[in-house]
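As stored in upload.tsv (TSV, C-alpha atoms):
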```tsv
chain	number	residue	atom	x	y	z
Q	200	MET	CA	44.11	106.86	95.36
Q	201	ILE	CA	40.76	107.76	93.87
Q	202	ARG	CA	37.80	107.60	96.22
Q	203	ALA	CA	34.28	107.54	94.83
Q	204	ARG	CA	31.08	108.40	96.58
Q	205	LYS	CA	29.26	105.46	94.98
Q	206	ARG	CA	30.50	102.12	93.74
Q	207	GLU	CA	28.82	102.62	90.34
Q	208	ASP	CA	31.01	105.69	89.74
Q	209	PHE	CA	33.82	103.29	88.89
Q	210	GLU	CA	34.39	101.10	85.90
Q	211	PHE	CA	37.28	98.67	86.08
Q	212	LEU	CA	38.62	97.84	82.64
Q	213	TYR	CA	42.12	96.73	81.79
Q	214	PHE	CA	43.54	96.94	78.29
Q	215	LEU	CA	47.24	96.90	77.39
Q	216	GLY	CA	48.19	98.18	80.82
Q	217	LEU	CA	45.74	101.05	80.57
Q	218	GLN	CA	43.34	101.18	83.47
Q	219	THR	CA	40.06	103.08	83.11
Q	220	PHE	CA	38.47	104.15	86.38
Q	221	MET	CA	35.94	106.81	85.53
Q	222	LYS	CA	33.83	107.50	82.50
Q	223	ASN	CA	35.95	110.46	81.39
Q	224	CYS	CA	39.39	109.55	82.70
Q	225	ALA	CA	41.85	106.82	81.71
Q	226	ILE	CA	44.82	106.02	83.94
Q	227	LEU	CA	48.10	104.42	82.87
Q	228	VAL	CA	50.10	103.07	85.81
Q	229	LEU	CA	53.76	103.51	84.90
Q	230	TYR	CA	55.20	101.88	88.00
Q	231	GLY	CA	54.58	100.93	91.59
Q	232	ALA	CA	57.31	101.62	94.13
Q	233	LEU	CA	58.30	101.65	97.79
Q	234	CYS	CA	60.37	104.11	99.77
Q	235	ASN	CA	61.41	104.52	103.38
Q	236	SER	CA	58.69	106.22	105.46
Q	237	ASP	CA	61.10	108.15	107.68
Q	238	GLY	CA	58.91	107.51	110.73
Q	239	LEU	CA	55.61	108.62	109.18
Q	240	ALA	CA	52.50	107.26	110.92
Q	241	GLU	CA	51.05	104.10	109.38
Q	242	GLY	CA	47.78	103.92	107.46
Q	243	ARG	CA	46.19	104.70	104.10
Q	244	PHE	CA	46.65	108.06	102.37
Q	245	TYR	CA	43.62	110.07	101.31
Q	246	SER	CA	44.34	112.67	98.63
Q	247	ASP	CA	41.03	114.40	99.37
Q	248	ALA	CA	41.94	115.18	102.98
Q	249	GLU	CA	40.98	118.79	103.57
Q	250	LYS	CA	42.51	119.76	106.88
Q	251	GLY	CA	44.18	118.67	110.06
Q	252	ARG	CA	46.43	115.74	110.75
Q	253	GLU	CA	45.40	113.66	107.73
Q	254	LEU	CA	46.25	116.47	105.29
Q	255	GLN	CA	49.61	117.11	106.98
Q	256	ARG	CA	50.40	113.37	106.89
Q	257	TYR	CA	49.59	113.26	103.16
Q	258	LEU	CA	51.82	116.29	102.47
Q	259	ASP	CA	54.66	114.81	104.54
Q	260	GLY	CA	54.33	111.50	102.67
Q	261	MET	CA	54.46	113.27	99.31
Q	262	LYS	CA	57.56	115.20	100.37
Q	263	ILE	CA	59.29	111.97	101.39
Q	264	VAL	CA	58.39	110.28	98.08
Q	265	LEU	CA	59.55	113.23	95.97
Q	266	GLU	CA	62.85	113.36	97.83
Q	267	SER	CA	63.36	109.61	97.36
Q	268	LEU	CA	62.92	110.07	93.58
Q	269	ASP	CA	65.26	113.07	93.31
Q	270	GLU	CA	68.64	111.65	92.29
Q	271	SER	CA	70.38	115.02	92.63
Q	272	LYS	CA	69.69	115.16	96.37
Q	273	TYR	CA	69.63	111.58	97.62
Q	274	LEU	CA	68.79	112.88	101.07
Q	275	ARG	CA	66.92	109.63	101.54
Q	276	ILE	CA	67.28	106.03	100.47
Q	277	PRO	CA	66.22	105.88	96.78
Q	278	ALA	CA	62.76	104.51	95.98
Q	279	LYS	CA	62.62	100.85	94.88
Q	280	ILE	CA	60.58	100.45	91.68
Q	281	SER	CA	58.85	97.12	91.12
Q	282	GLN	CA	60.43	95.06	88.35
Q	283	ASN	CA	56.93	94.02	87.22
Q	284	SER	CA	56.07	97.62	86.31
Q	285	LEU	CA	55.66	99.07	82.84
Q	286	CYS	CA	58.70	101.31	83.48
Q	287	LYS	CA	61.78	100.05	85.28
Q	288	THR	CA	63.16	103.50	86.12
Q	289	ASP	CA	61.80	106.92	86.98
Q	290	ASP	CA	63.66	108.37	83.98
Q	291	GLY	CA	61.82	105.95	81.67
Q	292	ALA	CA	58.51	106.98	83.19
Q	293	ASN	CA	59.39	110.66	82.79
Q	294	LYS	CA	60.10	110.14	79.06
Q	295	ILE	CA	56.67	108.59	78.55
Q	296	ILE	CA	55.06	111.40	80.55
Q	297	GLU	CA	56.88	114.01	78.45
Q	298	HIS	CA	55.71	112.31	75.22
Q	299	ALA	CA	52.13	112.06	76.49
Q	300	LYS	CA	51.97	115.71	77.56
Q	301	LYS	CA	53.19	116.83	74.12
Q	302	ASN	CA	51.00	114.54	72.04
Q	303	ILE	CA	47.88	113.59	74.02
Q	304	SER	CA	45.42	116.18	75.25
Q	305	GLY	CA	44.42	115.99	78.90
Q	306	SER	CA	47.62	114.19	80.02
Q	307	ASN	CA	48.69	114.79	83.62
Q	308	ASP	CA	51.35	112.98	85.61
Q	309	ILE	CA	50.43	111.98	89.13
Q	310	ILE	CA	52.15	110.36	92.07
Q	311	ARG	CA	49.44	108.49	93.94
Q	312	LEU	CA	50.26	107.61	97.55
Q	313	ILE	CA	48.72	104.30	98.59
Q	314	ASP	CA	49.65	103.65	102.21
Q	315	CYS	CA	52.38	103.63	104.81
Q	316	GLU	CA	53.07	100.31	106.48
Q	317	HIS	CA	56.02	98.61	108.20
Q	318	GLY	CA	58.33	101.58	107.62
Q	319	THR	CA	57.64	101.94	103.89
Q	320	ILE	CA	55.41	104.14	101.75
Q	321	LYS	CA	53.73	102.45	98.78
Q	322	PHE	CA	53.03	104.71	95.82
Q	323	ARG	CA	52.40	104.65	92.07
Q	324	LYS	CA	53.44	106.99	89.29
Q	325	GLU	CA	50.64	107.36	86.75
Q	326	ILE	CA	49.43	109.35	83.80
Q	327	ASP	CA	45.82	110.49	83.95
Q	328	PHE	CA	44.19	111.14	80.59
Q	329	ASP	CA	41.29	113.50	81.32
Q	330	GLY	CA	38.43	113.53	78.86
Q	331	TRP	CA	39.14	110.12	77.31
Q	332	THR	CA	36.22	107.71	77.14
Q	333	ASN	CA	36.00	104.04	76.23
Q	334	ASP	CA	35.10	105.11	72.68
Q	335	GLY	CA	38.56	106.65	72.27
Q	336	GLU	CA	40.36	103.64	73.71
Q	337	GLN	CA	41.98	102.49	70.44
Q	338	GLU	CA	43.20	105.97	69.53
Q	339	LEU	CA	44.73	106.44	72.98
Q	340	ILE	CA	46.48	103.06	72.77
Q	341	GLU	CA	47.93	103.94	69.35
Q	342	ARG	CA	49.25	107.24	70.67
Q	343	LEU	CA	50.78	105.50	73.67
Q	344	GLN	CA	52.47	102.90	71.46
Q	345	ASN	CA	54.37	105.76	69.85
Q	346	ALA	CA	55.77	106.49	73.30
Q	347	ALA	CA	56.93	102.88	73.73
Q	348	THR	CA	60.24	103.72	72.09
Q	349	CYS	CA	60.86	106.24	74.87
Q	350	ARG	CA	60.51	103.57	77.57
Q	351	GLN	CA	63.64	102.26	79.24
Q	352	THR	CA	63.70	98.53	79.86
```
Is it possible to express this structure as structure tokens?
Amino acid sequence: MIRARKREDFEFLYFLGLQTFMKNCAILVLYGALCNSDGLAEGRFYSDAEKGRELQRYLDGMKIVLESLDESKYLRIPAKISQNSLCKTDDGANKIIEHAKKNISGSNDIIRLIDCEHGTIKFRKEIDFDGWTNDGEQELIERLQNAATCRQT
């Protein structure tokens, strides 16, 4: 989750699945998913939590999500990826992330925790493209289309 100090800090533009939030950062949401919360307290997650209970809750939530995505461990029930997402599997998302990191400057993969509610954690796997502006939109889309062959359907 990205929190802004002022509403005008955000621009909401959608083009070919690419979501631009800030003037110098484009975000591609690869998938949305749910996993078991393992008894974690309910509420929204704030990635900018600095100390105390909120930070520990965020770290615990991230640990649960990472374990639910790790097929080699399966200590937890596997995460359920939405079928309406760009990627249908975590492996497909990882291939696009790998391509983006090699070929697009400023690419970073992020797991963004949304909230914990009714025994499940909602989260998204995204690629943040730092330094990309609306002027570079077409070039970024063309580079991402090259990664489309990596995507698993």
**OP:** Could you please give me, as a ChimeraX atom specification, the residues of protein, DNA or RNA lying at most 12 Å from (63.5, 109.1, 94.9) in the coordinate frame of the file, considering only C-alpha atoms?
**Re:** /Q:232-236,261-280,288-290,310,320,322,324
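Straight-line separation from CA of Leu227 (chain Q) to CA of Asp327 (chain Q): 6.6 Å.
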**OP:** Could you check how far CA of Asp329 (chain Q) sits from CA of Leu254 (chain Q), in Å to one decimal?
**Re:**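 Separation of CA of Asp329 (chain Q) and CA of Leu254 (chain Q): 24.7 Å.
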Subject >> Q:Leu229, Q:Leu285, Q:Ile303, Q:Leu312 ranked by distance to Ile340 (chain Q), top pick (using only C-alpha atoms) >> reply: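 Closest to Ile340 (chain Q), using only C-alpha atoms: Q:Ile303.
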**OP:** Skip Leu239 (chain Q) itself and residues of its chain fewer than 2 positions away, then list as a list in words all residues within 8 Å of it, counting only C-alpha atoms.
**Re:** Ser236, Asp237, Glu241, Arg256, Asp259, Gly260, Cys315 and Gly318 of chain Q
What would the file look like if the residues just selected were written as an mmCIF file, in the frame of the given file with C-alpha atoms?
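What ended up in part.cif:
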```cif
data_model
loop_
_atom_site.group_PDB
_atom_site.id
_atom_site.type_symbol
_atom_site.label_atom_id
_atom_site.label_comp_id
_atom_site.auth_asym_id
_atom_site.auth_seq_id
_atom_site.Cartn_x
_atom_site.Cartn_y
_atom_site.Cartn_z
ATOM 1 C CA SER Q 236 58.690 106.220 105.460
ATOM 2 C CA ASP Q 237 61.100 108.150 107.680
ATOM 3 C CA GLU Q 241 51.050 104.100 109.380
ATOM 4 C CA ARG Q 256 50.400 113.370 106.890
ATOM 5 C CA ASP Q 259 54.660 114.810 104.540
ATOM 6 C CA GLY Q 260 54.330 111.500 102.670
ATOM 7 C CA CYS Q 315 52.380 103.630 104.810
ATOM 8 C CA GLY Q 318 58.330 101.580 107.620
#
```
Around all of region 291-299 of chain Q's listed atoms, make the axis-aligned box with 8 Å on each side and tell me centre and edge lengths in Å to one decimal, as AutoDock Vina command-line options.
```
--center_x 57.0 --center_y 110.0 --center_z 79.2 --size_x 25.7 --size_y 24.1 --size_z 24.0
```
Subject >> Among listed residues Q:Ile326, Q:Cys286, Q:Leu343, Q:Ile313, nearest Ser246 (chain Q) (using all atoms listed in the file) >> reply: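 Closest candidate: Q:Ile313.
Shortest atom-to-atom contact with Leu339 (chain Q) among Q:Asp308, Q:Ala292, Q:Ala299, Q:Glu325: Q:Ala299, counting all atoms listed in the file.
Here CA of Glu341 (chain Q) is placed at a distance of 15.2 Å from CA of Ile296 (chain Q).
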